[in-house]
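One file, entry-v7.txt, is given below (compact mmCIF, C-alpha atoms).
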```
# COMPACT_ATOMS: atom_id res chain seq x y z
CA MET A 237 -3.99 -15.84 -14.98
CA THR A 238 -6.75 -17.96 -16.42
CA SER A 239 -10.36 -17.33 -15.57
CA THR A 240 -12.57 -20.10 -14.29
CA HIS A 241 -15.42 -18.72 -16.40
CA PRO A 242 -13.97 -18.00 -19.81
CA ALA A 243 -17.19 -16.42 -20.99
CA ALA A 244 -17.63 -14.14 -18.00
CA PRO A 245 -15.98 -10.72 -18.16
CA LEU A 246 -13.50 -9.73 -15.48
CA LEU A 247 -15.73 -6.98 -14.20
CA GLU A 248 -19.29 -6.20 -15.15
CA ALA A 249 -21.61 -3.48 -13.91
CA ARG A 250 -25.37 -3.55 -14.43
CA ALA A 251 -27.45 -0.43 -13.77
CA LEU A 252 -25.01 0.85 -11.19
CA CYS A 253 -26.29 3.92 -9.32
CA PHE A 254 -25.01 5.94 -6.43
CA HIS A 255 -26.78 8.62 -4.42
CA ARG A 256 -25.37 10.86 -1.74
CA GLN A 257 -28.06 12.22 0.58
CA ASP A 258 -30.72 11.53 -2.07
CA GLU A 259 -28.73 13.49 -4.68
CA PRO A 260 -27.86 11.23 -7.58
CA VAL A 261 -24.09 11.21 -8.08
CA PHE A 262 -24.04 9.06 -11.19
CA GLY A 263 -25.79 6.27 -12.94
CA PRO A 264 -27.35 4.12 -14.06
CA LEU A 265 -24.13 2.77 -15.54
CA ASP A 266 -23.66 -0.40 -17.57
CA PHE A 267 -20.25 -1.55 -18.66
CA ARG A 268 -18.09 -4.61 -18.90
CA LEU A 269 -14.36 -5.01 -18.76
CA ASP A 270 -12.49 -8.01 -20.13
CA ALA A 271 -8.94 -9.06 -19.55
CA GLY A 272 -6.61 -7.12 -21.82
CA GLU A 273 -8.89 -4.10 -21.97
CA LEU A 274 -8.42 -0.52 -20.92
CA THR A 275 -11.33 1.68 -19.95
CA LEU A 276 -11.25 5.40 -19.36
CA ILE A 277 -13.71 6.97 -16.96
CA GLU A 278 -14.28 10.58 -17.91
CA GLY A 279 -16.09 13.27 -16.07
CA ASP A 280 -15.78 16.75 -14.59
CA ASN A 281 -14.80 17.52 -11.03
CA GLY A 282 -17.45 16.18 -8.68
CA SER A 283 -19.01 13.90 -11.29
CA GLY A 284 -18.34 10.84 -9.13
CA LYS A 285 -15.19 9.34 -10.66
CA THR A 286 -13.54 8.68 -7.32
CA THR A 287 -16.81 7.41 -5.86
CA LEU A 288 -17.14 4.95 -8.74
CA MET A 289 -13.57 3.80 -8.15
CA ARG A 290 -14.20 3.21 -4.47
CA ILE A 291 -17.31 1.21 -5.33
CA LEU A 292 -15.33 -0.92 -7.76
CA THR A 293 -12.71 -1.68 -5.10
CA GLY A 294 -15.50 -2.87 -2.81
CA LEU A 295 -14.72 -0.22 -0.18
CA LEU A 296 -18.02 1.50 -0.87
CA ARG A 297 -21.35 -0.23 -1.45
CA PRO A 298 -23.44 0.80 -4.43
CA GLU A 299 -27.03 1.61 -3.59
CA GLU A 300 -28.55 0.21 -6.74
CA GLY A 301 -27.32 -2.04 -9.45
CA GLU A 302 -25.08 -5.04 -9.46
CA LEU A 303 -21.39 -5.68 -9.88
CA PHE A 304 -19.93 -8.97 -11.01
CA TRP A 305 -16.36 -10.14 -10.68
CA ARG A 306 -15.61 -13.03 -13.04
CA GLY A 307 -19.33 -13.69 -13.27
CA GLU A 308 -20.03 -13.75 -9.54
CA PRO A 309 -21.38 -10.91 -7.36
CA LEU A 310 -18.53 -8.67 -6.24
CA THR A 311 -17.72 -8.51 -2.58
CA TRP A 312 -14.60 -7.10 -1.00
CA ASP A 313 -13.16 -10.51 -0.20
CA ARG A 314 -13.79 -12.00 -3.64
CA CYS A 315 -11.62 -9.63 -5.62
CA SER A 316 -9.07 -8.78 -2.93
CA GLY A 317 -5.59 -9.57 -4.09
CA GLU A 318 -6.55 -9.31 -7.74
CA VAL A 319 -7.17 -5.59 -7.70
CA VAL A 320 -4.67 -2.82 -7.16
CA PHE A 321 -6.11 0.56 -6.31
CA LEU A 322 -4.15 3.77 -6.71
CA GLY A 323 -6.16 6.63 -5.28
CA HIS A 324 -5.61 10.25 -4.32
CA GLN A 325 -4.20 9.04 -1.03
CA LEU A 326 -1.23 7.02 -2.13
CA GLY A 327 -1.00 4.78 0.94
CA LEU A 328 2.66 5.60 1.51
CA LYS A 329 4.21 6.17 4.91
CA ALA A 330 6.01 9.52 4.93
CA GLU A 331 8.56 8.42 7.50
CA LEU A 332 9.62 5.34 5.56
CA SER A 333 11.81 5.20 2.47
CA PRO A 334 10.41 4.15 -0.93
CA ARG A 335 12.17 0.81 -0.55
CA GLU A 336 10.59 0.16 2.87
CA ASN A 337 7.16 1.20 1.60
CA LEU A 338 7.40 -1.18 -1.34
CA ARG A 339 8.74 -4.02 0.79
CA PHE A 340 5.67 -3.64 3.01
CA ALA A 341 3.35 -3.67 -0.02
CA ILE A 342 4.99 -6.88 -1.25
CA GLY A 343 4.71 -8.49 2.20
CA LEU A 344 0.99 -7.79 2.14
CA HIS A 345 -0.06 -8.25 -1.48
CA GLY A 346 2.54 -10.64 -2.85
CA HIS A 347 5.28 -10.32 -5.38
CA ARG A 348 5.18 -10.50 -9.16
CA GLU A 349 7.86 -12.71 -10.66
CA GLN A 350 11.03 -11.27 -12.17
CA SER A 351 10.70 -7.86 -10.54
CA GLY A 352 12.90 -6.37 -7.88
CA ILE A 353 12.20 -3.33 -5.71
CA ASP A 354 15.25 -1.41 -6.89
CA ASP A 355 14.53 -2.26 -10.54
CA ALA A 356 10.96 -1.04 -10.16
CA LEU A 357 12.17 2.21 -8.57
CA ALA A 358 14.66 2.67 -11.39
CA THR A 359 11.87 2.08 -13.95
CA VAL A 360 9.77 4.88 -12.46
CA GLY A 361 12.78 7.17 -12.44
CA LEU A 362 13.62 7.12 -8.74
CA ALA A 363 17.06 5.50 -8.85
CA GLY A 364 19.11 7.12 -6.09
CA TYR A 365 16.06 7.90 -3.94
CA GLU A 366 15.65 4.39 -2.48
CA GLU A 367 16.67 5.38 1.05
CA GLU A 368 15.22 8.89 1.13
CA PRO A 369 12.19 9.28 3.43
CA VAL A 370 9.04 9.67 1.32
CA ARG A 371 8.22 12.88 3.19
CA LYS A 372 11.21 14.56 1.51
CA LEU A 373 10.07 13.62 -2.02
CA SER A 374 8.02 15.92 -4.24
CA ALA A 375 4.36 15.20 -5.00
CA GLY A 376 5.27 13.79 -8.40
CA GLN A 377 7.99 11.58 -6.95
CA LYS A 378 5.56 10.23 -4.33
CA LYS A 379 3.20 9.36 -7.16
CA ARG A 380 6.06 7.52 -8.87
CA VAL A 381 6.69 5.47 -5.73
CA ALA A 382 3.03 4.47 -5.78
CA LEU A 383 3.35 3.60 -9.48
CA ALA A 384 6.31 1.35 -8.67
CA ARG A 385 3.88 -0.63 -6.51
CA LEU A 386 1.90 -1.46 -9.66
CA LEU A 387 5.03 -3.04 -11.12
CA LEU A 388 5.67 -5.21 -8.07
CA ILE A 389 2.25 -6.46 -6.98
CA PRO A 390 0.49 -9.17 -8.99
CA ALA A 391 -3.01 -8.09 -9.98
CA ALA A 392 -5.48 -8.70 -12.78
CA LEU A 393 -7.16 -5.31 -12.56
CA TRP A 394 -5.65 -1.89 -12.00
CA LEU A 395 -7.94 0.84 -10.71
CA LEU A 396 -6.07 4.10 -11.20
CA ASP A 397 -7.72 7.25 -9.91
CA GLU A 398 -6.15 10.27 -11.60
CA PRO A 399 -2.80 8.60 -12.22
CA TYR A 400 -1.61 11.61 -14.24
CA ALA A 401 -2.06 14.17 -11.45
CA ASN A 402 1.20 15.80 -10.32
CA LEU A 403 3.23 14.08 -13.02
CA ASP A 404 5.45 15.80 -15.60
CA ARG A 405 5.53 14.84 -19.27
CA THR A 406 7.92 11.90 -18.79
CA GLY A 407 5.75 10.76 -15.88
CA ILE A 408 2.66 10.77 -18.09
CA GLU A 409 4.53 8.74 -20.68
CA LEU A 410 5.63 6.39 -17.90
CA VAL A 411 1.99 5.77 -16.86
CA ASN A 412 1.01 5.17 -20.49
CA GLY A 413 3.92 2.75 -20.87
CA LEU A 414 2.98 0.87 -17.70
CA LEU A 415 -0.63 0.61 -18.87
CA GLU A 416 0.37 -0.64 -22.31
CA THR A 417 2.59 -3.36 -20.82
CA HIS A 418 -0.12 -4.36 -18.35
CA ILE A 419 -2.76 -4.60 -21.10
CA ALA A 420 -0.36 -6.48 -23.38
CA HIS A 421 0.15 -9.07 -20.65
CA GLY A 422 -3.58 -9.66 -20.39
CA GLY A 423 -4.31 -7.33 -17.50
CA ALA A 424 -7.22 -4.92 -17.35
CA ALA A 425 -7.26 -1.33 -16.19
CA LEU A 426 -9.79 1.36 -15.34
CA VAL A 427 -8.39 4.87 -15.40
CA THR A 428 -10.11 8.09 -14.41
CA SER A 429 -9.13 11.42 -15.82
CA HIS A 430 -10.83 14.75 -16.40
CA GLY A 431 -8.58 15.78 -19.24
CA ALA A 432 -7.83 14.47 -22.68
CA VAL A 433 -5.48 11.49 -22.52
CA GLN A 434 -3.54 10.02 -25.40
CA PHE A 435 -2.88 6.32 -25.64
CA HIS A 436 -0.63 4.73 -28.17
CA GLY A 437 -2.14 1.26 -28.06
CA GLY A 438 -5.53 1.49 -29.74
CA GLU A 439 -8.66 3.38 -28.80
CA PRO A 440 -9.77 2.64 -25.22
CA GLN A 441 -13.34 2.12 -24.14
CA ARG A 442 -14.79 5.25 -22.50
CA ILE A 443 -17.33 5.67 -19.75
CA ARG A 444 -18.70 9.18 -19.42
CA LEU A 445 -20.10 10.35 -16.10
CA HIS A 446 -21.53 13.62 -17.42
CA ASP A 447 -25.25 13.95 -17.43
CA MET B 242 -8.31 -17.74 -5.48
CA THR B 243 -5.36 -19.20 -3.61
CA ASP B 244 -2.21 -18.47 -5.51
CA ALA B 245 1.35 -19.35 -4.71
CA ARG B 246 2.36 -15.75 -5.35
CA TYR B 247 0.29 -14.43 -2.48
CA PRO B 248 2.28 -14.16 0.71
CA GLY B 249 1.42 -16.42 3.61
CA LEU B 250 -0.24 -15.15 6.76
CA GLY B 251 3.00 -15.22 8.73
CA GLN B 252 4.78 -13.13 6.14
CA ALA B 253 1.96 -10.58 6.00
CA CYS B 254 1.78 -10.35 9.82
CA ALA B 255 5.54 -9.83 9.97
CA ALA B 256 5.31 -7.11 7.31
CA VAL B 257 2.66 -5.16 9.25
CA LEU B 258 4.50 -5.60 12.54
CA ARG B 259 7.85 -4.58 11.08
CA ARG B 260 6.42 -1.51 9.37
CA ASP B 261 4.59 -0.24 12.45
CA LEU B 262 7.55 -0.84 14.74
CA THR B 263 9.91 0.89 12.27
CA LEU B 264 7.50 3.83 12.17
CA ALA B 265 7.32 3.93 15.96
CA TRP B 266 11.11 3.88 16.16
CA ARG B 267 11.43 6.69 13.58
CA GLN B 268 9.05 8.77 15.71
CA ARG B 269 10.48 7.72 19.05
CA GLY B 270 9.92 11.23 20.42
CA ASP B 271 6.22 10.29 20.54
CA MET B 272 7.11 7.12 22.44
CA VAL B 273 8.90 9.09 25.15
CA LEU B 274 5.93 11.33 25.90
CA PRO B 275 3.76 8.80 27.82
CA VAL B 276 6.80 7.66 29.82
CA LEU B 277 7.63 11.25 30.72
CA TYR B 278 4.02 11.88 31.67
CA ALA B 279 3.96 8.84 33.98
CA LEU B 280 7.26 9.92 35.54
CA ILE B 281 6.03 13.46 36.21
CA VAL B 282 2.68 12.38 37.65
CA THR B 283 4.13 9.81 40.06
CA SER B 284 6.88 12.14 41.22
CA LEU B 285 4.28 14.81 42.00
CA PHE B 286 2.34 12.57 44.40
CA PRO B 287 4.89 12.65 47.27
CA PHE B 288 5.02 16.45 46.96
CA ALA B 289 1.26 16.78 47.11
CA LEU B 290 0.59 14.23 49.85
CA GLY B 291 3.72 14.62 51.95
CA PRO B 292 6.64 12.21 52.17
CA GLU B 293 4.99 9.95 54.71
CA ASP B 294 6.27 6.40 54.13
CA ALA B 295 3.23 4.47 55.32
CA LEU B 296 0.82 6.53 53.21
CA LEU B 297 2.93 6.30 50.06
CA ARG B 298 3.42 2.56 50.53
CA ARG B 299 -0.34 2.11 50.74
CA ILE B 300 -1.20 4.12 47.60
CA ALA B 301 1.87 3.20 45.50
CA GLY B 302 0.35 0.28 43.59
CA GLY B 303 -2.85 2.10 42.70
CA VAL B 304 -1.05 5.29 41.69
CA VAL B 305 1.34 3.47 39.35
CA LEU B 306 -1.48 1.45 37.85
CA VAL B 307 -3.73 4.43 37.14
CA THR B 308 -0.82 6.55 35.89
CA VAL B 309 0.31 3.89 33.44
CA LEU B 310 -3.22 3.35 32.12
CA LEU B 311 -3.77 7.12 31.73
CA ALA B 312 -0.40 7.51 30.01
CA MET B 313 -1.51 4.86 27.50
CA LEU B 314 -4.60 6.91 26.67
CA LEU B 315 -2.32 9.73 25.44
CA ALA B 316 -1.19 7.67 22.47
CA LEU B 317 -4.40 5.69 21.94
CA ASP B 318 -6.25 7.87 19.45
CA ALA B 319 -3.24 7.85 17.11
CA MET B 320 -3.60 4.10 16.61
CA PHE B 321 -5.29 4.17 13.18
CA ARG B 322 -5.32 7.92 12.47
CA SER B 323 -2.30 8.19 10.20
CA ASP B 324 -3.33 5.04 8.34
CA ILE B 325 -6.73 6.53 7.56
CA GLU B 326 -5.23 9.87 6.52
CA ASP B 327 -2.58 8.58 4.13
CA GLY B 328 -4.67 5.81 2.54
CA SER B 329 -2.66 2.92 4.05
CA LEU B 330 -5.82 1.52 5.57
CA GLU B 331 -7.51 1.25 2.16
CA GLN B 332 -4.48 -0.65 0.90
CA LEU B 333 -4.63 -2.91 3.95
CA MET B 334 -8.31 -3.64 3.24
CA LEU B 335 -7.64 -4.48 -0.40
CA ALA B 336 -4.83 -6.87 0.45
CA PRO B 337 -5.60 -10.58 0.16
CA GLN B 338 -5.22 -10.98 3.93
CA PRO B 339 -7.77 -11.19 6.74
CA LEU B 340 -8.20 -7.59 7.89
CA ALA B 341 -8.90 -8.53 11.50
CA LEU B 342 -5.57 -10.31 11.82
CA MET B 343 -3.69 -7.41 10.23
CA LEU B 344 -5.38 -4.98 12.62
CA GLY B 345 -4.52 -7.32 15.49
CA MET B 346 -0.88 -6.96 14.43
CA LYS B 347 -1.26 -3.19 14.36
CA ILE B 348 -2.66 -3.26 17.90
CA LEU B 349 0.21 -5.50 18.98
CA ALA B 350 2.73 -3.08 17.48
CA HIS B 351 0.99 -0.19 19.20
CA TRP B 352 1.11 -2.04 22.53
CA LEU B 353 4.81 -2.84 22.07
CA ALA B 354 5.58 0.78 21.27
CA THR B 355 3.54 2.49 24.00
CA ALA B 356 2.86 0.06 26.84
CA VAL B 357 6.14 -1.86 27.03
CA PRO B 358 8.24 1.25 27.80
CA LEU B 359 5.73 2.11 30.53
CA ILE B 360 5.93 -1.41 31.98
CA VAL B 361 9.73 -1.14 31.94
CA VAL B 362 9.72 2.07 33.99
CA ALA B 363 6.88 0.89 36.27
CA PRO B 364 9.25 -0.70 38.86
CA LEU B 365 11.12 2.61 39.04
CA LEU B 366 7.88 4.54 39.56
CA ALA B 367 6.72 2.04 42.20
CA GLY B 368 10.13 2.20 43.90
CA MET B 369 9.86 5.98 44.14
CA LEU B 370 6.63 5.50 46.10
CA HIS B 371 8.12 2.77 48.33
CA LEU B 372 5.99 -0.10 47.04
CA PRO B 373 7.01 -3.18 49.09
CA SER B 374 9.27 -5.33 46.91
CA PRO B 375 7.24 -8.58 47.31
CA VAL B 376 4.31 -6.77 45.62
CA MET B 377 6.43 -5.70 42.63
CA PRO B 378 6.00 -8.95 40.62
CA VAL B 379 2.23 -8.75 41.12
CA LEU B 380 2.24 -5.15 39.85
CA LEU B 381 4.18 -6.18 36.75
CA LEU B 382 1.89 -9.15 36.14
CA ALA B 383 -1.19 -6.95 36.53
CA LEU B 384 0.27 -4.41 34.09
CA LEU B 385 1.23 -7.12 31.59
CA LEU B 386 -2.42 -8.22 31.51
CA ALA B 387 -4.15 -4.86 31.93
CA THR B 388 -2.23 -2.87 29.30
CA PRO B 389 -2.89 -5.16 26.31
CA LEU B 390 -6.52 -5.37 27.42
CA LEU B 391 -6.70 -1.58 27.34
CA SER B 392 -4.96 -1.46 23.94
CA LEU B 393 -7.49 -3.93 22.49
CA LEU B 394 -10.55 -2.23 23.99
CA GLY B 395 -9.15 1.14 22.97
CA GLY B 396 -8.52 -0.15 19.45
CA VAL B 397 -12.20 -1.03 19.03
CA LEU B 398 -13.28 2.40 20.23
CA VAL B 399 -10.73 4.19 18.06
CA ALA B 400 -12.06 2.22 15.09
CA LEU B 401 -15.66 3.10 16.02
CA THR B 402 -14.89 6.82 16.28
CA ALA B 403 -12.59 6.81 13.24
CA GLY B 404 -15.06 8.54 10.95
CA THR B 405 -15.78 11.42 13.33
CA ARG B 406 -13.93 14.70 13.67
CA ARG B 407 -12.35 15.47 17.05
CA SER B 408 -12.90 11.95 18.25
CA GLY B 409 -10.66 12.44 21.32
CA MET B 410 -13.45 13.58 23.64
CA LEU B 411 -15.86 10.87 22.51
CA LEU B 412 -13.11 8.28 22.90
CA ALA B 413 -12.38 9.32 26.49
CA LEU B 414 -16.08 9.16 27.40
CA MET B 415 -16.55 5.73 25.83
CA LEU B 416 -13.38 4.28 27.28
CA LEU B 417 -14.12 5.26 30.88
CA PRO B 418 -16.68 2.53 31.64
CA LEU B 419 -14.42 -0.05 30.01
CA CYS B 420 -11.40 1.10 32.03
CA VAL B 421 -13.18 0.73 35.37
CA PRO B 422 -13.30 -3.10 35.53
CA VAL B 423 -9.67 -3.31 34.36
CA VAL B 424 -8.59 -0.97 37.17
CA ILE B 425 -10.77 -2.75 39.75
CA PHE B 426 -9.30 -6.19 39.05
CA ALA B 427 -5.71 -4.99 38.72
CA ALA B 428 -5.93 -2.89 41.89
CA GLY B 429 -7.72 -5.75 43.65
CA ALA B 430 -4.77 -8.04 42.94
CA LEU B 431 -2.34 -5.42 44.22
CA ALA B 432 -4.30 -4.80 47.39
CA ALA B 433 -4.55 -8.54 48.09
CA ALA B 434 -0.80 -8.98 47.54
CA GLN B 435 -0.04 -6.07 49.84
CA GLY B 436 -2.31 -7.54 52.52
CA GLY B 437 -0.61 -10.92 52.19
CA LEU B 438 -3.76 -12.50 50.76
CA PRO B 439 -4.03 -14.75 47.66
CA TRP B 440 -4.12 -12.49 44.60
CA ILE B 441 -4.50 -15.02 41.83
CA ALA B 442 -8.28 -14.68 41.39
CA PRO B 443 -8.37 -11.04 40.14
CA ILE B 444 -5.33 -11.74 37.95
CA ALA B 445 -7.18 -14.73 36.48
CA TRP B 446 -10.15 -12.48 35.73
CA LEU B 447 -7.86 -10.06 33.88
CA GLY B 448 -6.38 -12.99 31.97
CA ALA B 449 -9.83 -14.24 31.01
CA ALA B 450 -10.88 -10.79 29.81
CA LEU B 451 -7.66 -10.50 27.83
CA ALA B 452 -8.19 -13.89 26.17
CA LEU B 453 -11.68 -12.81 25.16
CA ALA B 454 -10.48 -9.43 23.88
CA VAL B 455 -7.60 -10.93 21.86
CA VAL B 456 -10.13 -12.97 19.89
CA LEU B 457 -13.01 -10.50 19.57
CA ALA B 458 -11.46 -7.03 19.52
CA PRO B 459 -9.65 -7.34 16.15
CA LEU B 460 -12.87 -8.64 14.54
CA ALA B 461 -14.80 -5.69 15.95
CA CYS B 462 -12.06 -3.30 14.77
CA ALA B 463 -12.22 -4.69 11.25
CA ALA B 464 -16.01 -4.37 11.09
CA ALA B 465 -15.95 -0.85 12.51
CA LEU B 466 -13.24 0.38 10.14
CA ARG B 467 -15.03 -1.08 7.12
CA ILE B 468 -18.09 0.91 8.12
CA ALA B 469 -15.99 4.03 8.75
CA LEU B 470 -14.49 3.90 5.24
CA ASP B 471 -17.89 3.09 3.64
CA SER B 472 -18.93 6.73 3.49
```

Please re-express this file's structure in structure tokens.
Amino acid sequence: MTSTHPAAPLLEARALCFHRQDEPVFGPLDFRLDAGELTLIEGDNGSGKTTLMRILTGLLRPEEGELFWRGEPLTWDRCSGEVVFLGHQLGLKAELSPRENLRFAIGLHGHREQSGIDDALATVGLAGYEEEPVRKLSAGQKKRVALARLLLIPAALWLLDEPYANLDRTGIELVNGLLETHIAHGGAALVTSHGAVQFHGGEPQRIRLHD
Amino acid sequence: MTDARYPGLGQACAAVLRRDLTLAWRQRGDMVLPVLYALIVTSLFPFALGPEDALLRRIAGGVVLVTVLLAMLLALDAMFRSDIEDGSLEQLMLAPQPLALMLGMKILAHWLATAVPLIVVAPLLAGMLHLPSPVMPVLLLALLLATPLLSLLGGVLVALTAGTRRSGMLLALMLLPLCVPVVIFAAGALAAAQGGLPWIAPIAWLGAALALAVVLAPLACAAALRIALDS
């Protein structure tokens, strides 16, 4: 995907602040994210990681500061379709099977070339669970279904809120592998975590939300 | 921004519709409840009022109408609840599709799953109360216009109360004044048909209200849900 403004970063934040009932949650934050970059957002519980994520998706409005998407002010309709958000609520229907959930996601967001639903489920280690209702899967397996969505939907920016939660060691490696491939293909990703995370591909940029 | 990889509107609408209808079918026990409720309420009327033919014939249309509309209220507050709880609504908002249209599809799916079964059993309910058969088509026409109108109005109110806890009570209070004109026009058509008078005018009013609601209600839903999630 080529940018119309080569000089402009994919996502840029200038003096971003957020208050909840006059209590400052975080900020002011300044950062920029280019295509092919990975940024870690670090902070303790309650430091505003999820809030920052929701602001970056455009679901929540920041109170102060500015956000730019490809050099233009970010609004929810400007970046929609180019951003995939994986939050605490995975957006999966418990009564539907992983395959049906993913087919719905593709119908709504579009389909990346050369990727099939069953292949994506096999990649995240869910071969054999295609027809099982999501409600019967474990928390980690549900997370893997949501990760399979990342493989199928075309997007320039991944916003992953605690992608490592509920995952076992192979799951953590899976997330790291997905991120490395995404970055290598020129995608960008913002990842929140409150623990130490190891990446194989270079040292990521870090944003700290501690005061 | 337009990209060949993004699905077209038709494809996205079909995806939402298919998912919601599949979900409704998987939980078809919930679909049966409003029908059962309508069946019980209408069968209680002859017991309470006495099996007097003339009386039942006179109240049949109104009873069926009110019962069906009340039965729809049972399922109304579930319209967006599960989507808000499991994060599907956030995903819907982030999709490169117009949210209002997608919500319109959700309302359509909800109407198909809750109101259509009620409309199907309505002739049976009306027959139990000896509604004259020439009035039956008017009853069905009134229901076909009144139930989607109620779904659309209800959808807006459900979206407005989405952020609040225990929204059921608030929803019922807010919906009451909006229900009244729907019932007045639908019942007016039935009464006119039963009296052998022209009944097209109240039906036309219902149709006009429905046309207005089809256009405006999904837009209002989208705005209200964006505000509800912005907190």

Inset, instruction - Have a look at A:Met289, A:Val319, A:Thr428, A:Leu247 and name the one nearest to Tyr400 of chain A; count only C-alpha atoms. - result: A:Thr428

Inset, instruction - Find the distance between atom CA of Phe286 of chain B and atom CA of Leu386 of chain B and write it in Å to one decimal. - result: 24.9 Å

Inset, instruction - Select all residues from chain A having any atom no more than 6 Å from an atom of chain B (counting all atoms listed in the file, ignoring ligands), output as an MDAnalysis selection string. - result: chainID A and resid 295:296 316:317 325:327 340 343:346

Inset, instruction - For Glu278 of chain A, please output as an NGL selection string all residues within 7 Å (counting all atoms listed in the file; exclusion window: fewer than 3 positions along the same chain). - result: :A and (428-430 or 443-445)

Writer output for current selection, C-alpha atoms, as a PDB file, keeping the file's coordinate frame:
```
ATOM      1  CA  THR A 428     -10.110   8.090 -14.410  1.00  0.00           C
ATOM      2  CA  SER A 429      -9.130  11.420 -15.820  1.00  0.00           C
ATOM      3  CA  HIS A 430     -10.830  14.750 -16.400  1.00  0.00           C
ATOM      4  CA  ILE A 443     -17.330   5.670 -19.750  1.00  0.00           C
ATOM      5  CA  ARG A 444     -18.700   9.180 -19.420  1.00  0.00           C
ATOM      6  CA  LEU A 445     -20.100  10.350 -16.100  1.00  0.00           C
TER       7      LEU A 445
END
```

Inset, instruction - Can you work out the spacing between atom CA of Arg290 of chain A and atom CA of Ala392 of chain A in Å, to one decimal? - result: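 We find that atom CA of Arg290 of chain A and atom CA of Ala392 of chain A lie 16.9 Å from each other.
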
Inset, instruction - Using all atoms listed in the file, find the one residue out of B:Leu277, B:Thr388, B:Pro422, B:Ile444 that sits nearest to Leu353 of chain B. - result: B:Thr388

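Within the 8 Å cut-off around segment 389-395 of chain B, using all atoms listed in the file and omitting residues fewer than 5 positions from it on the same chain, the listed residues are Leu310, Leu317, Ile348, Leu349, His351, Trp352, Ala356, Leu416, Leu419, Cys420, Val423, Ala450, Leu451, Ala454, Val455, Ala458 and Pro459 of chain B.
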
Keeping C-alpha atoms for every residue in the selection just given, could you write it to a file as a PDB file, in the coordinates of the input?
```pdb
ATOM      1  CA  LEU B 310      -3.220   3.350  32.120  1.00  0.00           C
ATOM      2  CA  LEU B 317      -4.400   5.690  21.940  1.00  0.00           C
ATOM      3  CA  ILE B 348      -2.660  -3.260  17.900  1.00  0.00           C
ATOM      4  CA  LEU B 349       0.210  -5.500  18.980  1.00  0.00           C
ATOM      5  CA  HIS B 351       0.990  -0.190  19.200  1.00  0.00           C
ATOM      6  CA  TRP B 352       1.110  -2.040  22.530  1.00  0.00           C
ATOM      7  CA  ALA B 356       2.860   0.060  26.840  1.00  0.00           C
ATOM      8  CA  LEU B 416     -13.380   4.280  27.280  1.00  0.00           C
ATOM      9  CA  LEU B 419     -14.420  -0.050  30.010  1.00  0.00           C
ATOM     10  CA  CYS B 420     -11.400   1.100  32.030  1.00  0.00           C
ATOM     11  CA  VAL B 423      -9.670  -3.310  34.360  1.00  0.00           C
ATOM     12  CA  ALA B 450     -10.880 -10.790  29.810  1.00  0.00           C
ATOM     13  CA  LEU B 451      -7.660 -10.500  27.830  1.00  0.00           C
ATOM     14  CA  ALA B 454     -10.480  -9.430  23.880  1.00  0.00           C
ATOM     15  CA  VAL B 455      -7.600 -10.930  21.860  1.00  0.00           C
ATOM     16  CA  ALA B 458     -11.460  -7.030  19.520  1.00  0.00           C
ATOM     17  CA  PRO B 459      -9.650  -7.340  16.150  1.00  0.00           C
TER      18      PRO B 459
END
```

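Candidate residues B:Arg298, B:Ala383, B:Pro292, B:Gly409 were compared for distance to Gly436 of chain B, and the nearest is B:Arg298, using only C-alpha atoms.
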
Legend entry - Which residue of A:Glu366, A:Asp354, A:Asp397, A:Glu409 approaches Gly323 of chain A most closely, using all atoms listed in the file: A:Asp397

May I have the residues within 12 Å of Leu370 of chain B as an mmCIF file with C-alpha atoms, in the coordinates of the input, using only C-alpha atoms and disregarding those fewer than 3 positions away in the same chain?
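So the final result, stored in out_36.cif, reads:
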```
data_model
loop_
_atom_site.group_PDB
_atom_site.id
_atom_site.type_symbol
_atom_site.label_atom_id
_atom_site.label_comp_id
_atom_site.auth_asym_id
_atom_site.auth_seq_id
_atom_site.Cartn_x
_atom_site.Cartn_y
_atom_site.Cartn_z
ATOM 1 C CA LEU B 280 7.260 9.920 35.540
ATOM 2 C CA VAL B 282 2.680 12.380 37.650
ATOM 3 C CA THR B 283 4.130 9.810 40.060
ATOM 4 C CA SER B 284 6.880 12.140 41.220
ATOM 5 C CA LEU B 285 4.280 14.810 42.000
ATOM 6 C CA PHE B 286 2.340 12.570 44.400
ATOM 7 C CA PRO B 287 4.890 12.650 47.270
ATOM 8 C CA PHE B 288 5.020 16.450 46.960
ATOM 9 C CA LEU B 290 0.590 14.230 49.850
ATOM 10 C CA GLY B 291 3.720 14.620 51.950
ATOM 11 C CA PRO B 292 6.640 12.210 52.170
ATOM 12 C CA GLU B 293 4.990 9.950 54.710
ATOM 13 C CA ASP B 294 6.270 6.400 54.130
ATOM 14 C CA ALA B 295 3.230 4.470 55.320
ATOM 15 C CA LEU B 296 0.820 6.530 53.210
ATOM 16 C CA LEU B 297 2.930 6.300 50.060
ATOM 17 C CA ARG B 298 3.420 2.560 50.530
ATOM 18 C CA ARG B 299 -0.340 2.110 50.740
ATOM 19 C CA ILE B 300 -1.200 4.120 47.600
ATOM 20 C CA ALA B 301 1.870 3.200 45.500
ATOM 21 C CA GLY B 302 0.350 0.280 43.590
ATOM 22 C CA GLY B 303 -2.850 2.100 42.700
ATOM 23 C CA VAL B 304 -1.050 5.290 41.690
ATOM 24 C CA VAL B 305 1.340 3.470 39.350
ATOM 25 C CA ALA B 363 6.880 0.890 36.270
ATOM 26 C CA PRO B 364 9.250 -0.700 38.860
ATOM 27 C CA LEU B 365 11.120 2.610 39.040
ATOM 28 C CA LEU B 366 7.880 4.540 39.560
ATOM 29 C CA ALA B 367 6.720 2.040 42.200
ATOM 30 C CA PRO B 373 7.010 -3.180 49.090
ATOM 31 C CA SER B 374 9.270 -5.330 46.910
ATOM 32 C CA MET B 377 6.430 -5.700 42.630
#
```
